[in-house]
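In what follows, a single structure is set out as structure tokens and then discussed.
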Amino acid sequence: MVAVKIGVRRVHVGLANLDGHMKAKEVTPLVSHDPKKVVDQVRELVARLLAQCTPQEVIGMGICCPGIIDTKKGEVIKAVNLHWHHVPLRQMFSLHFPWPVFVENSMDTGALGEKWFGSGKDVQDLLYISLGNGIGAGIISHGELLEGYQHAAGEFGHTSIDLDGLLCPCGNRGCVELYASAPAIVRRACAYLEKGGETRIREVWDEGSEELTCEVIDKAARLGDPFALKLWQETGELLGRAIANLVNLLDPEIVVIGGGLSLAHPILLDTIAAVIWDTTASLHERKVEVRRAFFGRDSGLVGAAVLTIERIFA
């Protein structure tokens, strides 16, 4: 199968077999948010991968991206961070590829990837949280993906934690994504640096040649930098409280944390787990287990391959 994950900043393309193993993969910066240019970029990447590693047979193409997706039509109804509205993604890709094309929200494919082949393959009820440039949730209930009546289930990043807070591109104020996503963490670090705060971030950041990223902040945290560690801990506390609301609402057996930030210093995941338990213990007799995603930032890409398997063989 061909698997494609379209992110806000990067596009991931892979060739997977029926057990979810990626035989080949490429990740490149997204050249544009214009849908036509995105399709052209993916076409080039797929052609390059097929030339390097020709599979015996391609049975389908699974595509995931952020936003609200009408999976039957293969249409992106709205993707706030990509500035997409009613983009007929399946139709656009089907014009260029001979295989069946399936489109799904990247949080939902993340949940599918972890349920089929990753950290959630031993459970029937799981909550998948993706932490990166955006924040979202994929929900597996009784072994089935929960999409919602208007395909909007799992828009966790756009739930408000501060009614008088920052204005979000989605139109709401105080959304989780504005305080705990990768861009939000970088903004907090930049503000601290501009004030002249003491931190080892400066030691590991080549300010002249690269932008500040969460990877740089994480390097400082692993060197024991107090500010970087505090930043991860405070982010974990915020996320733990927000995720605890979902745990109380959905009663999952496990919570799986994925996305690029799942690879950060262990203090982030440990704090999330501790706060979830402290917040939900009065309602849950058994401790809700928090696991790191087996596929890390690739859960959605693996899930895009699963999408093809489900739609063709289910």
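In the structure tokens, chains take the letters A, B, ... in the order shown, each chain's residues start at 1, and ligands count up from 1 in the order shown.
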Using DSSP on the backbone, list every residue of region 34-283 of chain A that comes out as alpha helix (DSSP H), and give them as a ChimeraX atom specification.
-> /A:35-52,89-94,106-117,177-180,182-194,201-204,214-222,226-250,266-280
Write out as a count of residues only the residues lying within 6 Å of region 240-254 of chain A, counting only C-alpha atoms and excluding same-chain residues fewer than 6 positions away.
-> 8
Using only C-alpha atoms, the residue out of A:Gly224, A:Gly134, A:Gly7, A:Gly174 with shortest distance to Leu30 (chain A) is A:Gly7
Using only C-alpha atoms: which of A:Ile257, A:Ala79, A:Val2, A:Val302 has the shortest distance to Met61 (chain A) |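 Ranking A:Ile257, A:Ala79, A:Val2, A:Val302 by distance to Met61 (chain A), first place goes to A:Val2.
Of note, CA of Ala152 (chain A) and CA of Ile68 (chain A) are spaced 5.4 Å apart.
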Record the distance separating CA of Gly74 (chain A) and CA of Leu307 (chain A), expressed in Å with one decimal.
-> 12.3 Å
Counting only C-alpha atoms, what is within 9 Å of region 99-103 of chain A, bar same-chain residues fewer than 5 positions away, as a PyMOL selection string?
-> chain A and resi 58-65+69-76+89-91+93-94+304+307-308+311-312
Enter the distance from CA of Leu146 (chain A) to CA of Gly303 (chain A), in Å, rounded to one decimal.
->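 Here the two named atoms are 14.5 Å from each other.
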Pick out the residues sitting within 12 Å of Leu263 (chain A), and hand them over as a CSV table (one decimal) with N, CA and C atoms, in the first residue's frame; count only C-alpha atoms, and ignore anything fewer than 3 positions along from it in its own chain.
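Output contents, as saved in out.csv:
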```csv
chain,number,residue,atom,x,y,z
A,130,SER,N,-2.3,12.8,19.8
A,130,SER,CA,-1.2,13.2,19.0
A,130,SER,C,-0.7,14.6,19.4
A,131,LEU,N,0.5,14.7,19.7
A,131,LEU,CA,1.1,16.0,20.2
A,131,LEU,C,2.2,16.4,19.2
A,132,GLY,N,2.0,17.5,18.6
A,132,GLY,CA,3.0,18.0,17.6
A,132,GLY,C,2.7,19.4,17.3
A,214,CYS,N,11.4,22.4,19.2
A,214,CYS,CA,11.2,21.5,20.4
A,214,CYS,C,12.3,20.5,20.5
A,215,GLU,N,12.9,20.1,19.4
A,215,GLU,CA,14.1,19.2,19.5
A,215,GLU,C,15.3,19.9,20.2
A,218,ASP,N,14.5,20.1,23.8
A,218,ASP,CA,14.6,18.7,24.4
A,218,ASP,C,16.0,18.4,24.7
A,219,LYS,N,17.0,18.8,23.8
A,219,LYS,CA,18.4,18.6,24.0
A,219,LYS,C,18.8,19.2,25.3
A,222,ARG,N,17.6,17.3,28.4
A,222,ARG,CA,18.4,16.1,28.6
A,222,ARG,C,19.8,16.4,29.2
A,232,TRP,N,8.7,21.4,30.0
A,232,TRP,CA,8.1,20.1,29.7
A,232,TRP,C,7.2,19.7,30.8
A,257,ILE,N,0.1,8.1,23.8
A,257,ILE,CA,0.6,9.4,23.5
A,257,ILE,C,1.5,9.3,22.3
A,258,GLY,N,1.1,9.9,21.2
A,258,GLY,CA,1.9,9.9,19.9
A,258,GLY,C,2.3,11.2,19.4
A,259,GLY,N,2.8,11.3,18.2
A,259,GLY,CA,3.2,12.5,17.6
A,259,GLY,C,4.7,12.9,18.0
A,260,GLY,N,5.2,13.9,17.4
A,260,GLY,CA,6.6,14.2,17.6
A,260,GLY,C,7.0,14.5,19.0
A,266,PRO,N,11.4,12.2,29.1
A,266,PRO,CA,10.4,11.4,29.8
A,266,PRO,C,9.5,12.2,30.8
A,267,ILE,N,10.0,13.3,31.3
A,267,ILE,CA,9.3,14.1,32.3
A,267,ILE,C,7.9,14.5,31.7
A,268,LEU,N,7.8,14.7,30.4
A,268,LEU,CA,6.6,15.1,29.8
A,268,LEU,C,5.5,14.0,29.9
A,269,LEU,N,5.9,12.8,29.5
A,269,LEU,CA,4.9,11.6,29.6
A,269,LEU,C,4.7,11.2,31.0
A,291,ARG,N,0.6,5.0,27.7
A,291,ARG,CA,1.7,4.4,27.0
A,291,ARG,C,2.2,5.4,25.9
A,292,ARG,N,3.5,5.3,25.6
A,292,ARG,CA,4.0,6.0,24.5
A,292,ARG,C,3.7,5.3,23.2
A,293,ALA,N,3.3,6.0,22.1
A,293,ALA,CA,3.0,5.3,20.9
A,293,ALA,C,4.2,4.5,20.4
A,294,PHE,N,3.9,3.3,19.9
A,294,PHE,CA,5.0,2.4,19.4
A,294,PHE,C,5.6,3.0,18.2
A,295,PHE,N,4.8,3.7,17.4
A,295,PHE,CA,5.4,4.2,16.1
A,295,PHE,C,5.8,5.7,16.2
A,296,GLY,N,5.7,6.3,17.4
A,296,GLY,CA,6.1,7.6,17.6
A,296,GLY,C,5.4,8.6,16.7
A,297,ARG,N,6.1,9.3,15.9
A,297,ARG,CA,5.5,10.3,15.0
A,297,ARG,C,4.9,9.6,13.7
A,298,ASP,N,5.2,8.3,13.6
A,298,ASP,CA,4.7,7.6,12.4
A,298,ASP,C,3.4,6.9,12.6
```
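Backbone DSSP over region 130-281 of chain A yields strand (DSSP E) at Ser130, Leu131, Ile135, Gly136, Ala137, Gly138, Ile139, Ile140, Ser141, Glu144, Leu145, Ile254, Val255, Val256, Ile257 and Gly258 of chain A.
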